[in-house]
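Pasted below: entry_8.cif, mmCIF, C-alpha atoms.
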```cif
data_run
#
loop_
_atom_site.label_atom_id
_atom_site.label_comp_id
_atom_site.auth_asym_id
_atom_site.auth_seq_id
_atom_site.Cartn_x
_atom_site.Cartn_y
_atom_site.Cartn_z
CA MET A 18 30.31 6.37 -79.56
CA ASN A 19 32.10 9.24 -77.92
CA THR A 20 34.99 7.97 -75.79
CA THR A 21 34.87 11.09 -73.60
CA ALA A 22 31.31 10.26 -72.49
CA LEU A 23 32.35 6.70 -71.69
CA SER A 24 35.24 7.85 -69.54
CA LEU A 25 32.91 10.10 -67.48
CA ARG A 26 30.46 7.29 -66.67
CA ARG A 27 30.69 6.07 -63.08
CA ALA A 28 29.19 3.19 -61.18
CA PRO A 29 26.30 4.15 -58.89
CA ASP A 30 27.29 4.91 -55.31
CA ALA A 31 25.79 3.26 -52.22
CA THR A 32 23.15 5.98 -51.80
CA ALA A 33 21.83 5.46 -55.32
CA VAL A 34 21.67 1.71 -54.84
CA ILE A 35 19.83 2.03 -51.52
CA VAL A 36 17.33 4.50 -52.98
CA MET A 37 16.62 2.21 -55.95
CA VAL A 38 16.13 -0.83 -53.70
CA LEU A 39 13.74 1.13 -51.46
CA LEU A 40 11.78 2.45 -54.44
CA CYS A 41 11.44 -1.00 -55.99
CA GLY A 42 10.32 -2.44 -52.66
CA ALA A 43 7.77 0.33 -52.11
CA TRP A 44 6.34 0.03 -55.62
CA GLY A 45 6.19 -3.75 -55.37
CA PHE A 46 4.48 -3.64 -51.98
CA GLN A 47 2.00 -1.07 -53.30
CA GLN A 48 0.81 -3.51 -55.97
CA VAL A 49 0.35 -6.27 -53.39
CA ALA A 50 -1.50 -3.92 -51.03
CA ILE A 51 -3.84 -2.76 -53.81
CA LYS A 52 -4.67 -6.35 -54.76
CA GLU A 53 -5.34 -7.36 -51.16
CA ALA A 54 -7.36 -4.29 -50.25
CA ASN A 55 -9.51 -4.40 -53.37
CA ALA A 56 -9.96 -8.14 -53.84
CA SER A 57 -13.63 -7.60 -54.66
CA ILE A 58 -12.92 -5.14 -57.49
CA PRO A 59 -12.16 -6.75 -60.88
CA PRO A 60 -8.69 -6.03 -62.33
CA ILE A 61 -10.14 -4.35 -65.45
CA LEU A 62 -12.09 -1.93 -63.28
CA GLN A 63 -8.96 -1.22 -61.22
CA ALA A 64 -7.02 -0.46 -64.41
CA GLY A 65 -9.83 1.80 -65.62
CA ILE A 66 -9.93 3.72 -62.35
CA ARG A 67 -6.13 4.18 -62.38
CA SER A 68 -6.28 5.39 -65.99
CA LEU A 69 -9.08 7.81 -65.18
CA ILE A 70 -7.19 9.26 -62.22
CA ALA A 71 -4.03 9.56 -64.33
CA ALA A 72 -5.96 11.32 -67.10
CA LEU A 73 -7.41 13.79 -64.60
CA LEU A 74 -3.96 14.50 -63.18
CA VAL A 75 -2.49 15.12 -66.61
#
```
Can you dump the structure from the file as structure tokens?
Amino acid sequence: MNTTALSLRRAPDATAVIVMVLLCGAWGFQQVAIKEANASIPPILQAGIRSLIAALLV
């Protein structure tokens, strides 16, 4: 491995850590909210709908 690249690597600063914690919390809460809001929809159907929407967006 290149020693120059290793010497340039820094630890993440406080802003990066806070942003990552907020993103993980938001994504985790989103999954819980989806499950609670759509308790009557089977998980396979939910996955199919998400895949269909993703395919349309791509």
Need the axis-aligned box for stretch 26-45 of chain A with 3 Å each side, so what are the centre and edges in Å to one decimal, as lines of an AutoDock Vina configuration file?
```
center_x = 18.4
center_y = 1.8
center_z = -59.1
size_x = 30.5
size_y = 17.0
size_z = 21.2
```
(message) Report, in Å with one decimal, the straight-line distance from atom CA of A:Ala56 to atom CA of A:Val75.
(response) 27.6 Å
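Compared by their closest atoms to A:Gln48, and using all atoms listed in the file, the residues A:Leu25, A:Ala31, A:Leu69, A:Ala64 rank with A:Ala64 nearest.
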(request) Please indicate the distance in Å from atom CA of A:Gln47 to atom CA of A:Arg67, rounded to one decimal place. (result)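 Value for the atom CA of A:Gln47-atom CA of A:Arg67 distance: 13.3 Å.
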(request) Give me, please, the distance in Å between atom CA of A:Asp30 and atom CA of A:Ala43, quoted to one decimal. (result)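 Going from atom CA of A:Asp30 over to atom CA of A:Ala43, I get 20.3 Å.
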